[in-house]
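Coordinates as given in final.cif (mmCIF, N, CA and C atoms):
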```cif
data_target
loop_
_atom_site.label_atom_id
_atom_site.label_comp_id
_atom_site.auth_asym_id
_atom_site.auth_seq_id
_atom_site.Cartn_x
_atom_site.Cartn_y
_atom_site.Cartn_z
N MET X 271 102.33 158.50 88.81
CA MET X 271 100.89 158.53 88.67
C MET X 271 100.33 157.10 88.63
N LEU X 272 100.96 156.25 87.83
CA LEU X 272 100.50 154.87 87.73
C LEU X 272 100.72 154.11 89.02
N MET X 273 101.86 154.37 89.68
CA MET X 273 102.15 153.69 90.94
C MET X 273 101.15 154.08 92.02
N LYS X 274 100.69 155.32 92.03
CA LYS X 274 99.69 155.74 93.01
C LYS X 274 98.37 155.00 92.79
N LYS X 275 98.00 154.81 91.53
CA LYS X 275 96.77 154.09 91.23
C LYS X 275 96.87 152.62 91.63
N ILE X 276 98.03 152.02 91.36
CA ILE X 276 98.22 150.61 91.73
C ILE X 276 98.20 150.46 93.24
N ARG X 277 98.86 151.36 93.96
CA ARG X 277 98.85 151.31 95.42
C ARG X 277 97.45 151.50 95.97
N PHE X 278 96.68 152.39 95.35
CA PHE X 278 95.30 152.60 95.78
C PHE X 278 94.47 151.33 95.60
N ILE X 279 94.65 150.66 94.48
CA ILE X 279 93.90 149.43 94.22
C ILE X 279 94.31 148.33 95.20
N LEU X 280 95.62 148.20 95.46
CA LEU X 280 96.10 147.15 96.35
C LEU X 280 95.65 147.37 97.80
N ARG X 281 95.38 148.60 98.19
CA ARG X 281 94.96 148.89 99.57
C ARG X 281 93.47 148.75 99.79
N GLN X 282 92.71 148.52 98.75
CA GLN X 282 91.27 148.39 98.91
C GLN X 282 90.94 147.10 99.66
N PRO X 283 89.96 147.16 100.58
CA PRO X 283 89.63 145.94 101.34
C PRO X 283 88.96 144.87 100.48
N GLU X 284 88.42 145.23 99.34
CA GLU X 284 87.75 144.27 98.46
C GLU X 284 88.72 143.55 97.54
N PHE X 285 89.95 144.01 97.46
CA PHE X 285 90.91 143.44 96.52
C PHE X 285 91.21 141.96 96.76
N PRO X 286 91.38 141.50 98.02
CA PRO X 286 91.63 140.06 98.21
C PRO X 286 90.48 139.18 97.71
N LEU X 287 89.26 139.63 97.86
CA LEU X 287 88.11 138.86 97.36
C LEU X 287 88.12 138.83 95.84
N LEU X 288 88.41 139.95 95.22
CA LEU X 288 88.50 140.01 93.77
C LEU X 288 89.64 139.11 93.27
N LEU X 289 90.75 139.12 93.98
CA LEU X 289 91.88 138.28 93.61
C LEU X 289 91.54 136.80 93.74
N PHE X 290 90.77 136.44 94.75
CA PHE X 290 90.35 135.05 94.91
C PHE X 290 89.52 134.58 93.72
N PHE X 291 88.52 135.36 93.31
CA PHE X 291 87.68 134.95 92.20
C PHE X 291 88.44 134.98 90.87
N PHE X 292 89.35 135.92 90.72
CA PHE X 292 90.18 135.96 89.52
C PHE X 292 91.08 134.73 89.45
N SER X 293 91.64 134.34 90.59
CA SER X 293 92.48 133.14 90.66
C SER X 293 91.68 131.88 90.35
N LEU X 294 90.49 131.83 90.91
CA LEU X 294 89.62 130.69 90.66
C LEU X 294 89.32 130.57 89.17
N PHE X 295 89.04 131.69 88.53
CA PHE X 295 88.78 131.68 87.10
C PHE X 295 90.03 131.22 86.32
N LEU X 296 91.20 131.73 86.71
CA LEU X 296 92.42 131.36 86.00
C LEU X 296 92.76 129.89 86.12
N PHE X 297 92.50 129.29 87.29
CA PHE X 297 92.89 127.91 87.50
C PHE X 297 91.83 126.91 87.05
N VAL X 298 90.59 127.33 86.87
CA VAL X 298 89.54 126.42 86.40
C VAL X 298 89.48 126.38 84.88
N THR X 299 89.86 127.48 84.24
CA THR X 299 89.76 127.59 82.78
C THR X 299 90.49 126.48 82.04
N PRO X 300 91.72 126.11 82.37
CA PRO X 300 92.39 125.06 81.58
C PRO X 300 91.73 123.70 81.68
N PHE X 301 91.03 123.46 82.78
CA PHE X 301 90.37 122.16 82.93
C PHE X 301 89.04 122.11 82.21
N GLN X 302 88.46 123.27 81.92
CA GLN X 302 87.19 123.30 81.20
C GLN X 302 87.37 123.14 79.70
N ARG X 303 88.46 123.65 79.19
CA ARG X 303 88.66 123.50 77.74
C ARG X 303 89.34 122.16 77.44
N ASN X 304 89.32 121.79 76.23
CA ASN X 304 89.86 120.51 75.82
C ASN X 304 91.38 120.56 75.82
N SER X 305 92.02 119.81 76.69
CA SER X 305 93.48 119.85 76.78
C SER X 305 94.16 119.08 75.65
N ASP X 306 93.41 118.29 74.90
CA ASP X 306 94.00 117.58 73.78
C ASP X 306 94.42 118.54 72.67
N LYS X 307 93.67 119.64 72.54
CA LYS X 307 93.99 120.62 71.50
C LYS X 307 95.25 121.40 71.85
N THR X 308 95.37 121.80 73.11
CA THR X 308 96.50 122.64 73.50
C THR X 308 97.72 121.84 73.90
N GLY X 309 97.53 120.67 74.42
CA GLY X 309 98.66 119.85 74.85
C GLY X 309 98.95 120.04 76.32
N LEU X 310 99.61 119.06 76.88
CA LEU X 310 99.92 119.08 78.30
C LEU X 310 100.96 120.15 78.63
N GLU X 311 101.92 120.36 77.73
CA GLU X 311 102.98 121.34 77.98
C GLU X 311 102.40 122.76 78.05
N ALA X 312 101.50 123.08 77.15
CA ALA X 312 100.90 124.41 77.13
C ALA X 312 100.04 124.64 78.38
N SER X 313 99.33 123.61 78.82
CA SER X 313 98.53 123.74 80.04
C SER X 313 99.43 123.94 81.26
N PHE X 314 100.55 123.22 81.30
CA PHE X 314 101.50 123.38 82.41
C PHE X 314 102.08 124.79 82.44
N ILE X 315 102.49 125.29 81.29
CA ILE X 315 103.07 126.64 81.22
C ILE X 315 102.02 127.68 81.61
N TYR X 316 100.78 127.51 81.15
CA TYR X 316 99.71 128.43 81.50
C TYR X 316 99.48 128.45 83.01
N LEU X 317 99.39 127.27 83.63
CA LEU X 317 99.16 127.21 85.07
C LEU X 317 100.34 127.77 85.85
N PHE X 318 101.55 127.52 85.40
CA PHE X 318 102.73 128.06 86.07
C PHE X 318 102.76 129.58 86.00
N LEU X 319 102.46 130.15 84.83
CA LEU X 319 102.45 131.61 84.69
C LEU X 319 101.31 132.24 85.49
N ALA X 320 100.15 131.60 85.53
CA ALA X 320 99.04 132.11 86.33
C ALA X 320 99.40 132.08 87.81
N TRP X 321 100.01 130.99 88.26
CA TRP X 321 100.44 130.88 89.65
C TRP X 321 101.49 131.96 89.99
N GLY X 322 102.43 132.18 89.09
CA GLY X 322 103.45 133.20 89.31
C GLY X 322 102.86 134.59 89.38
N GLY X 323 101.88 134.88 88.52
CA GLY X 323 101.23 136.19 88.55
C GLY X 323 100.46 136.42 89.84
N ILE X 324 99.79 135.39 90.32
CA ILE X 324 99.04 135.50 91.57
C ILE X 324 100.01 135.71 92.73
N CYS X 325 101.11 134.98 92.74
CA CYS X 325 102.13 135.16 93.80
C CYS X 325 102.71 136.56 93.77
N LEU X 326 102.94 137.09 92.60
CA LEU X 326 103.46 138.45 92.47
C LEU X 326 102.46 139.47 93.00
N LEU X 327 101.18 139.31 92.67
CA LEU X 327 100.16 140.21 93.20
C LEU X 327 100.06 140.12 94.72
N LEU X 328 100.15 138.92 95.26
CA LEU X 328 100.11 138.76 96.72
C LEU X 328 101.33 139.40 97.38
N PHE X 329 102.48 139.31 96.74
CA PHE X 329 103.68 139.95 97.27
C PHE X 329 103.51 141.47 97.32
N PHE X 330 103.03 142.05 96.22
CA PHE X 330 102.82 143.50 96.20
C PHE X 330 101.76 143.93 97.21
N MET X 331 100.73 143.11 97.36
CA MET X 331 99.68 143.42 98.32
C MET X 331 100.23 143.39 99.75
N SER X 332 101.08 142.42 100.06
CA SER X 332 101.65 142.35 101.41
C SER X 332 102.60 143.52 101.66
N ARG X 333 103.33 143.95 100.63
CA ARG X 333 104.22 145.11 100.79
C ARG X 333 103.44 146.37 101.08
N GLU X 334 102.28 146.52 100.42
CA GLU X 334 101.45 147.70 100.66
C GLU X 334 100.84 147.67 102.06
N GLN X 335 100.43 146.49 102.51
CA GLN X 335 99.86 146.38 103.84
C GLN X 335 100.92 146.61 104.91
N ALA X 336 102.15 146.20 104.66
CA ALA X 336 103.22 146.40 105.63
C ALA X 336 103.63 147.87 105.71
N GLY X 337 103.49 148.59 104.61
CA GLY X 337 103.87 150.00 104.59
C GLY X 337 102.83 150.92 105.20
N LYS X 338 101.61 150.42 105.36
CA LYS X 338 100.54 151.25 105.89
C LYS X 338 100.68 151.32 107.42
N PRO X 339 100.74 152.52 107.99
CA PRO X 339 100.88 152.60 109.45
C PRO X 339 99.60 152.19 110.16
N ASN X 340 99.77 151.56 111.30
CA ASN X 340 98.64 151.13 112.10
C ASN X 340 98.18 152.31 112.94
N LYS X 341 96.92 152.66 112.86
CA LYS X 341 96.41 153.84 113.55
C LYS X 341 96.39 153.67 115.06
N SER X 342 96.22 152.45 115.54
CA SER X 342 96.14 152.24 116.98
C SER X 342 97.53 152.09 117.61
N GLU X 343 98.54 151.92 116.80
CA GLU X 343 99.89 151.73 117.33
C GLU X 343 100.47 153.08 117.76
N GLY X 344 101.10 153.10 118.89
CA GLY X 344 101.73 154.32 119.37
C GLY X 344 100.86 155.16 120.26
N LYS X 345 99.59 154.86 120.36
CA LYS X 345 98.69 155.60 121.24
C LYS X 345 98.68 154.92 122.61
N PRO X 346 98.72 155.71 123.64
CA PRO X 346 98.64 155.09 124.98
C PRO X 346 97.23 154.59 125.25
N ASP X 347 97.15 153.52 126.01
CA ASP X 347 95.85 152.98 126.38
C ASP X 347 95.14 153.92 127.34
N LYS X 348 93.83 153.97 127.21
CA LYS X 348 93.05 154.81 128.11
C LYS X 348 92.97 154.13 129.46
N MET X 349 93.14 154.92 130.47
CA MET X 349 93.01 154.39 131.82
C MET X 349 91.58 154.62 132.29
N ILE X 350 90.97 153.60 132.75
CA ILE X 350 89.60 153.68 133.24
C ILE X 350 89.64 154.00 134.71
N SER X 351 89.04 155.13 135.10
CA SER X 351 89.04 155.52 136.51
C SER X 351 87.67 155.34 137.10
#
```

Rewrite the structure from the file as structure tokens, please.
Amino acid sequence: MLMKKIRFILRQPEFPLLLFFFSLFLFVTPFQRNSDKTGLEASFIYLFLAWGGICLLLFFMSREQAGKPNKSEGKPDKMIS
């Protein structure tokens, strides 16, 4: 049940745009807050984990797109007479 919902979300045409803005938010946030409080190591770990999560989402999205059959594939071309 959960996998069907995730697959449905990943197949939506709006998902890449949502992922772009979510990524932008994730990568801009550490630079907006004061890094002196959190430290350089914590900022590095945060950015690495955010990057890894985005890569994982892109991987799952590409797997869903590869599994979807192309509707135009396999149909013979129309001959114009």

How many Å lie between atom N of Glu334 (chain X) and CA of Phe314 (chain X), rounded to one decimal?
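A separation of 29.3 Å between them.
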
In Å, rounded to a single decimal, give me how far atom C of Phe291 (chain X) is from atom N of Ser313 (chain X).
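Atom C of Phe291 (chain X) lies 19.8 Å from atom N of Ser313 (chain X).
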
Please compute the atom C of Arg303 (chain X)-atom C of Phe290 (chain X) distance, one decimal, in Å.
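We find that atom C of Arg303 (chain X) and atom C of Phe290 (chain X) lie 20.5 Å from each other.
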
Near Ile324 (chain X), counting only N, CA and C atoms, which residues have an atom at most 8 Å away, once you skip same-chain residues fewer than 5 positions from it, shown as a ChimeraX atom specification?
/X:289,293,318-319,329-330

Just the residues within 10 Å of Pro300 (chain X), please, counting only C-alpha atoms, with nothing from its chain fewer than 3 positions along; format it as number ranges by chain.
X: 295-297, 303-305, 308, 312-314, 316-317

Which of these, X:Leu310, X:Ile315, X:Leu280, X:Ala320, has the shortest distance to Ser332 (chain X) once you count only N, CA and C atoms?
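The shortest atom-to-atom distance to Ser332 (chain X) comes from X:Leu280.
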
Pull N, CA and C atoms for region 289-330 of chain X from the block and write them as a short mmCIF file (atom, residue, chain, number, x, y, z; two decimals), in the first residue's frame.
```cif
data_model
loop_
_atom_site.label_atom_id
_atom_site.label_comp_id
_atom_site.auth_asym_id
_atom_site.auth_seq_id
_atom_site.Cartn_x
_atom_site.Cartn_y
_atom_site.Cartn_z
N LEU X 289 10.90 18.74 -6.13
CA LEU X 289 12.20 18.29 -5.66
C LEU X 289 13.26 19.39 -5.81
N PHE X 290 13.19 20.15 -6.88
CA PHE X 290 14.13 21.25 -7.07
C PHE X 290 14.00 22.29 -5.96
N PHE X 291 12.77 22.72 -5.66
CA PHE X 291 12.58 23.73 -4.63
C PHE X 291 12.90 23.19 -3.24
N PHE X 292 12.61 21.92 -3.01
CA PHE X 292 12.96 21.30 -1.73
C PHE X 292 14.48 21.25 -1.57
N SER X 293 15.18 20.91 -2.65
CA SER X 293 16.65 20.87 -2.63
C SER X 293 17.23 22.25 -2.39
N LEU X 294 16.65 23.22 -3.07
CA LEU X 294 17.11 24.59 -2.89
C LEU X 294 16.96 25.02 -1.44
N PHE X 295 15.84 24.69 -0.84
CA PHE X 295 15.62 25.01 0.57
C PHE X 295 16.64 24.29 1.46
N LEU X 296 16.89 23.01 1.18
CA LEU X 296 17.83 22.25 2.01
C LEU X 296 19.24 22.79 1.93
N PHE X 297 19.66 23.24 0.75
CA PHE X 297 21.04 23.67 0.58
C PHE X 297 21.27 25.13 0.94
N VAL X 298 20.23 25.94 1.00
CA VAL X 298 20.38 27.35 1.36
C VAL X 298 20.29 27.53 2.87
N THR X 299 19.55 26.67 3.54
CA THR X 299 19.32 26.80 4.98
C THR X 299 20.60 26.86 5.80
N PRO X 300 21.61 26.02 5.59
CA PRO X 300 22.80 26.10 6.45
C PRO X 300 23.58 27.40 6.29
N PHE X 301 23.46 28.03 5.13
CA PHE X 301 24.19 29.28 4.93
C PHE X 301 23.45 30.47 5.52
N GLN X 302 22.15 30.33 5.74
CA GLN X 302 21.38 31.42 6.33
C GLN X 302 21.53 31.48 7.85
N ARG X 303 21.68 30.33 8.46
CA ARG X 303 21.83 30.35 9.92
C ARG X 303 23.30 30.55 10.29
N ASN X 304 23.52 30.87 11.49
CA ASN X 304 24.87 31.16 11.96
C ASN X 304 25.66 29.87 12.11
N SER X 305 26.69 29.69 11.31
CA SER X 305 27.47 28.44 11.35
C SER X 305 28.41 28.39 12.56
N ASP X 306 28.61 29.51 13.23
CA ASP X 306 29.47 29.50 14.41
C ASP X 306 28.83 28.70 15.54
N LYS X 307 27.50 28.73 15.60
CA LYS X 307 26.80 28.00 16.66
C LYS X 307 26.86 26.50 16.42
N THR X 308 26.67 26.08 15.18
CA THR X 308 26.61 24.65 14.89
C THR X 308 27.98 24.05 14.62
N GLY X 309 28.88 24.81 14.09
CA GLY X 309 30.20 24.30 13.77
C GLY X 309 30.29 23.84 12.33
N LEU X 310 31.50 23.79 11.85
CA LEU X 310 31.74 23.41 10.47
C LEU X 310 31.44 21.93 10.23
N GLU X 311 31.74 21.08 11.21
CA GLU X 311 31.51 19.65 11.06
C GLU X 311 30.02 19.34 10.93
N ALA X 312 29.21 19.99 11.74
CA ALA X 312 27.77 19.75 11.69
C ALA X 312 27.18 20.24 10.37
N SER X 313 27.66 21.36 9.87
CA SER X 313 27.19 21.86 8.57
C SER X 313 27.58 20.91 7.44
N PHE X 314 28.80 20.37 7.51
CA PHE X 314 29.26 19.42 6.50
C PHE X 314 28.41 18.15 6.51
N ILE X 315 28.15 17.62 7.70
CA ILE X 315 27.34 16.40 7.81
C ILE X 315 25.92 16.66 7.32
N TYR X 316 25.35 17.82 7.66
CA TYR X 316 24.01 18.17 7.20
C TYR X 316 23.97 18.24 5.68
N LEU X 317 24.93 18.92 5.06
CA LEU X 317 24.94 19.03 3.61
C LEU X 317 25.16 17.68 2.93
N PHE X 318 26.01 16.85 3.51
CA PHE X 318 26.25 15.53 2.94
C PHE X 318 24.99 14.66 3.01
N LEU X 319 24.28 14.68 4.14
CA LEU X 319 23.05 13.90 4.27
C LEU X 319 21.95 14.43 3.36
N ALA X 320 21.85 15.75 3.22
CA ALA X 320 20.86 16.32 2.31
C ALA X 320 21.17 15.93 0.87
N TRP X 321 22.44 15.99 0.49
CA TRP X 321 22.85 15.59 -0.86
C TRP X 321 22.54 14.10 -1.09
N GLY X 322 22.83 13.27 -0.11
CA GLY X 322 22.55 11.84 -0.24
C GLY X 322 21.07 11.55 -0.37
N GLY X 323 20.24 12.27 0.38
CA GLY X 323 18.79 12.09 0.28
C GLY X 323 18.25 12.50 -1.07
N ILE X 324 18.77 13.59 -1.60
CA ILE X 324 18.34 14.05 -2.93
C ILE X 324 18.77 13.04 -3.99
N CYS X 325 19.98 12.53 -3.89
CA CYS X 325 20.45 11.51 -4.85
C CYS X 325 19.60 10.25 -4.77
N LEU X 326 19.21 9.86 -3.58
CA LEU X 326 18.36 8.69 -3.42
C LEU X 326 16.99 8.91 -4.05
N LEU X 327 16.41 10.08 -3.84
CA LEU X 327 15.12 10.39 -4.47
C LEU X 327 15.23 10.41 -5.99
N LEU X 328 16.31 10.96 -6.52
CA LEU X 328 16.51 10.97 -7.97
C LEU X 328 16.68 9.55 -8.51
N PHE X 329 17.35 8.69 -7.76
CA PHE X 329 17.51 7.30 -8.18
C PHE X 329 16.15 6.60 -8.25
N PHE X 330 15.34 6.76 -7.21
CA PHE X 330 14.02 6.13 -7.22
C PHE X 330 13.14 6.70 -8.33
#
```
